[in-house]
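File shown: data.pdb. Contents: PDB, C-alpha atoms.
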ATOM      1  CA  MET V   1      89.197  51.017 106.352  1.00  0.00           C
ATOM      2  CA  GLY V   2      91.586  53.525 107.846  1.00  0.00           C
ATOM      3  CA  ASN V   3      93.207  54.036 104.447  1.00  0.00           C
ATOM      4  CA  MET V   4      89.867  54.924 102.850  1.00  0.00           C
ATOM      5  CA  GLN V   5      89.198  57.707 105.327  1.00  0.00           C
ATOM      6  CA  VAL V   6      92.656  59.170 104.830  1.00  0.00           C
ATOM      7  CA  GLY V   7      92.066  59.198 101.044  1.00  0.00           C
ATOM      8  CA  VAL V   8      88.763  61.046 101.479  1.00  0.00           C
ATOM      9  CA  ILE V   9      90.314  63.602 103.799  1.00  0.00           C
ATOM     10  CA  SER V  10      93.249  64.315 101.456  1.00  0.00           C
ATOM     11  CA  SER V  11      90.846  64.556  98.507  1.00  0.00           C
ATOM     12  CA  SER V  12      88.825  67.253 100.274  1.00  0.00           C
ATOM     13  CA  ASN V  13      92.041  69.005 101.326  1.00  0.00           C
ATOM     14  CA  SER V  14      93.260  69.101  97.729  1.00  0.00           C
ATOM     15  CA  SER V  15      89.884  70.494  96.605  1.00  0.00           C
ATOM     16  CA  LEU V  16      90.171  73.231  99.223  1.00  0.00           C
ATOM     17  CA  ALA V  17      93.738  73.928  98.145  1.00  0.00           C
ATOM     18  CA  ILE V  18      92.709  74.222  94.468  1.00  0.00           C
ATOM     19  CA  GLY V  19      89.843  76.537  95.440  1.00  0.00           C
ATOM     20  CA  PHE V  20      92.188  78.649  97.542  1.00  0.00           C
ATOM     21  CA  TYR V  21      94.725  78.926  94.703  1.00  0.00           C
ATOM     22  CA  LEU V  22      92.005  79.885  92.213  1.00  0.00           C
ATOM     23  CA  LEU V  23      90.690  82.531  94.594  1.00  0.00           C
ATOM     24  CA  ALA V  24      94.205  83.877  95.166  1.00  0.00           C
ATOM     25  CA  PHE V  25      94.844  83.943  91.405  1.00  0.00           C
ATOM     26  CA  PHE V  26      91.690  85.969  90.716  1.00  0.00           C
ATOM     27  CA  LEU V  27      92.479  88.373  93.559  1.00  0.00           C
ATOM     28  CA  VAL V  28      95.968  88.993  92.168  1.00  0.00           C
ATOM     29  CA  LEU V  29      94.472  89.461  88.686  1.00  0.00           C
ATOM     30  CA  LEU V  30      91.939  91.957  90.033  1.00  0.00           C
ATOM     31  CA  MET V  31      94.620  93.885  91.918  1.00  0.00           C
ATOM     32  CA  ALA V  32      96.794  94.019  88.778  1.00  0.00           C
ATOM     33  CA  TYR V  33      93.844  95.374  86.777  1.00  0.00           C
ATOM     34  CA  PHE V  34      93.170  98.199  89.233  1.00  0.00           C
ATOM     35  CA  ALA V  35      96.876  98.990  89.616  1.00  0.00           C
ATOM     36  CA  THR V  36      97.195  99.309  85.821  1.00  0.00           C
ATOM     37  CA  ARG V  37      94.205 101.657  85.645  1.00  0.00           C
ATOM     38  CA  PHE V  38      95.627 103.764  88.489  1.00  0.00           C
ATOM     39  CA  ILE V  39      99.030 104.044  86.824  1.00  0.00           C
ATOM     40  CA  ALA V  40      97.419 104.899  83.458  1.00  0.00           C
ATOM     41  CA  GLN V  41      95.489 107.755  85.064  1.00  0.00           C
ATOM     42  CA  LYS V  42      98.633 109.094  86.716  1.00  0.00           C
ATOM     43  CA  GLN V  43     100.532 108.887  83.409  1.00  0.00           C
ATOM     44  CA  GLY V  44      97.768 110.723  81.549  1.00  0.00           C
ATOM     45  CA  PHE V  45      96.671 107.849  79.301  1.00  0.00           C
ATOM     46  CA  GLY V  46      93.077 107.900  80.435  1.00  0.00           C
ATOM     47  CA  GLY V  47      90.598 110.529  79.333  1.00  0.00           C
ATOM     48  CA  ASN V  48      92.686 112.906  77.269  1.00  0.00           C
ATOM     49  CA  LYS V  49      90.426 115.940  76.861  1.00  0.00           C
ATOM     50  CA  ASN V  50      92.511 118.151  74.582  1.00  0.00           C
ATOM     51  CA  ILE V  51      93.774 115.786  71.894  1.00  0.00           C
ATOM     52  CA  LYS V  52      91.200 113.763  69.954  1.00  0.00           C
ATOM     53  CA  ILE V  53      92.315 111.197  67.390  1.00  0.00           C
ATOM     54  CA  ILE V  54      89.774 111.437  64.583  1.00  0.00           C
ATOM     55  CA  GLU V  55      91.132 108.785  62.237  1.00  0.00           C
ATOM     56  CA  ARG V  56      94.121 106.466  62.025  1.00  0.00           C
ATOM     57  CA  THR V  57      95.047 104.586  58.865  1.00  0.00           C
ATOM     58  CA  ILE V  58      97.850 102.029  58.869  1.00  0.00           C
ATOM     59  CA  LEU V  59      99.856 102.254  55.649  1.00  0.00           C
ATOM     60  CA  GLY V  60     102.299  99.441  56.360  1.00  0.00           C
ATOM     61  CA  ASN V  61     104.881  98.294  58.841  1.00  0.00           C
ATOM     62  CA  ASP V  62     105.619 101.212  61.184  1.00  0.00           C
ATOM     63  CA  ARG V  63     103.792 103.702  58.913  1.00  0.00           C
ATOM     64  CA  THR V  64     100.537 105.421  59.875  1.00  0.00           C
ATOM     65  CA  LEU V  65      98.509 108.338  58.592  1.00  0.00           C
ATOM     66  CA  LEU V  66      96.921 110.166  61.504  1.00  0.00           C
ATOM     67  CA  LEU V  67      94.236 112.853  61.669  1.00  0.00           C
ATOM     68  CA  TYR V  68      93.795 114.441  65.077  1.00  0.00           C
ATOM     69  CA  SER V  69      92.260 117.529  66.604  1.00  0.00           C
ATOM     70  CA  LEU V  70      93.795 119.858  69.176  1.00  0.00           C
ATOM     71  CA  ASP V  71      91.895 122.970  70.302  1.00  0.00           C
ATOM     72  CA  GLY V  72      89.771 123.074  67.131  1.00  0.00           C
ATOM     73  CA  VAL V  73      92.748 122.713  64.782  1.00  0.00           C
ATOM     74  CA  TYR V  74      93.031 119.541  62.707  1.00  0.00           C
ATOM     75  CA  TYR V  75      96.427 118.030  61.958  1.00  0.00           C
ATOM     76  CA  LEU V  76      97.215 115.428  59.299  1.00  0.00           C
ATOM     77  CA  MET V  77     100.445 113.608  60.139  1.00  0.00           C
ATOM     78  CA  TYR V  78     102.525 110.831  58.669  1.00  0.00           C
ATOM     79  CA  VAL V  79     104.026 108.769  61.499  1.00  0.00           C
ATOM     80  CA  HIS V  80     106.861 106.340  60.783  1.00  0.00           C
ATOM     81  CA  LYS V  81     109.531 104.482  62.713  1.00  0.00           C
ATOM     82  CA  ASN V  82     112.013 107.376  62.457  1.00  0.00           C
ATOM     83  CA  GLY V  83     109.596 110.098  63.575  1.00  0.00           C
ATOM     84  CA  ALA V  84     106.580 112.049  62.369  1.00  0.00           C
ATOM     85  CA  THR V  85     105.938 114.564  59.605  1.00  0.00           C
ATOM     86  CA  LEU V  86     103.199 117.182  59.642  1.00  0.00           C
ATOM     87  CA  ILE V  87     101.432 117.053  56.276  1.00  0.00           C
ATOM     88  CA  ASP V  88      98.717 119.657  56.798  1.00  0.00           C
ATOM     89  CA  LYS V  89      97.138 121.838  59.477  1.00  0.00           C
ATOM     90  CA  ARG V  90      93.516 122.983  59.056  1.00  0.00           C
ATOM     91  CA  THR V  91      90.890 124.876  61.008  1.00  0.00           C
ATOM     92  CA  ASP V  92      88.164 124.745  58.355  1.00  0.00           C
ATOM     93  CA  ILE V  93      87.174 121.056  58.540  1.00  0.00           C
ATOM     94  CA  THR V  94      83.625 120.167  59.488  1.00  0.00           C
ATOM     95  CA  LEU V  95      83.173 116.552  60.497  1.00  0.00           C
ATOM     96  CA  LEU V  96      79.898 114.999  59.437  1.00  0.00           C
ATOM     97  CA  LYS V  97      78.170 111.964  60.872  1.00  0.00           C
ATOM     98  CA  ASN V  98      78.516 108.808  58.822  1.00  0.00           C
ATOM     99  CA  GLN V  99      75.682 106.391  58.055  1.00  0.00           C
ATOM    100  CA  SER V 100      76.000 104.451  61.312  1.00  0.00           C
ATOM    101  CA  GLY V 101      75.327 107.627  63.303  1.00  0.00           C
ATOM    102  CA  ASP V 102      78.840 107.965  64.710  1.00  0.00           C
ATOM    103  CA  SER V 103      80.485 111.360  64.749  1.00  0.00           C
ATOM    104  CA  LYS V 104      83.452 109.879  62.880  1.00  0.00           C
ATOM    105  CA  MET V 105      83.896 110.183  59.120  1.00  0.00           C
ATOM    106  CA  GLU V 106      85.774 107.848  56.840  1.00  0.00           C
ATOM    107  CA  PHE V 107      89.310 109.062  56.267  1.00  0.00           C
ATOM    108  CA  SER V 108      88.854 109.109  52.485  1.00  0.00           C
ATOM    109  CA  GLU V 109      85.838 111.429  52.861  1.00  0.00           C
ATOM    110  CA  ILE V 110      87.844 113.860  55.002  1.00  0.00           C
ATOM    111  CA  LEU V 111      90.736 113.793  52.522  1.00  0.00           C
ATOM    112  CA  LYS V 112      88.352 114.492  49.591  1.00  0.00           C
ATOM    113  CA  LYS V 113      86.817 117.362  51.523  1.00  0.00           C
ATOM    114  CA  ILE V 114      90.247 118.877  52.178  1.00  0.00           C
ATOM    115  CA  SER V 115      91.351 118.504  48.558  1.00  0.00           C
ATOM    116  CA  ASN V 116      88.061 120.022  47.287  1.00  0.00           C
ATOM    117  CA  LYS V 117      88.587 123.072  49.507  1.00  0.00           C
ATOM    118  CA  ASP V 118      92.137 123.407  48.157  1.00  0.00           C
ATOM    119  CA  LYS V 119      90.853 123.306  44.564  1.00  0.00           C
ATOM    120  CA  GLY V 120      88.228 125.926  45.414  1.00  0.00           C
ATOM    121  CA  SER V 121      90.793 128.246  46.999  1.00  0.00           C
ATOM    122  CA  ASN V 122      93.093 127.880  43.965  1.00  0.00           C
ATOM    123  CA  LYS V 123      90.268 128.925  41.617  1.00  0.00           C
ATOM    124  CA  ASP V 124      89.626 132.012  43.715  1.00  0.00           C
ATOM    125  CA  GLU V 125      93.257 133.044  43.417  1.00  0.00           C
ATOM    126  CA  GLU V 126      93.250 132.912  39.564  1.00  0.00           C
TER     127      GLU V 126
END

Represent the structure contained in this file as structure tokens.
Amino acid sequence: MGNMQVGVISSSNSSLAIGFYLLAFFLVLLMAYFATRFIAQKQGFGGNKNIKIIERTILGNDRTLLLYSLDGVYYLMYVHKNGATLIDKRTDITLLKNQSGDSKMEFSEILKKISNKDKGSNKDEE
């Protein structure tokens, strides 16, 4: 009989130990989450108010086409593993809402709009 009681006591102790370890694990996870958010704020990764990425299109491994806005000026850049190249800089782009109601446009629509404005300005020059 004495052995049965010892088995029950060690079973409850192991359940408490597992519960304690789970609680400790979740506390460490929670602390890591808040520490990461704090560091991100200090580094400037959270809530950038001046630079807005409008559209990003991945062209392949380590190659991206990027449209972003900074102080009302729109920049089209090609970003690759060796650096970045500015393709175009515009102030005359008006972003329209797409069908889902977002303020974002499809990249192809923005590119067509830019190229149409270029064609119009070339006709004016002739």

For the atom pair atom CA of V:Ile53 and atom CA of V:Tyr74, what is the interatomic distance in Å to one decimal place? 9.6 Å

For this structure, which residues satisfy the selection - the PyMOL selection byres ((chain V and resi 62) around 10) - when it is evaluated on the file as given? I want them as a PyMOL selection string. chain V and resi 58-61+63-64+79-82

Give me the result of the PyMOL selection byres ((chain V and resi 89) around 9) on this file, residue by residue, as an MDAnalysis selection string. chainID V and resid 73:77 86:88 90:91

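With distances restricted to all atoms listed in the file, V:Leu70 is the closest residue to V:Ile51 from V:Leu65, V:Ile110, V:Ile39, V:Leu70.
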
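You will find atom CA of V:Lys113 at 9.0 Å from atom CA of V:Thr94.
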
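What separates atom CA of V:Phe107 from atom CA of V:Ile93 is a distance of 12.4 Å.
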
Axis-aligned box for stretch 85-91 of chain V, 4 Å per side, centre and edges in Å as JSON:
{"center_x": 98.4, "center_y": 119.7, "center_z": 58.6, "size_x": 23.0, "size_y": 18.3, "size_z": 12.7}

Quick one: apply the PyMOL selection byres ((chain V and resi 54) around 9) to the file and drop the selected residues here as a ChimeraX atom specification. /V:52-53,55-56,66-69,74,104-105,107
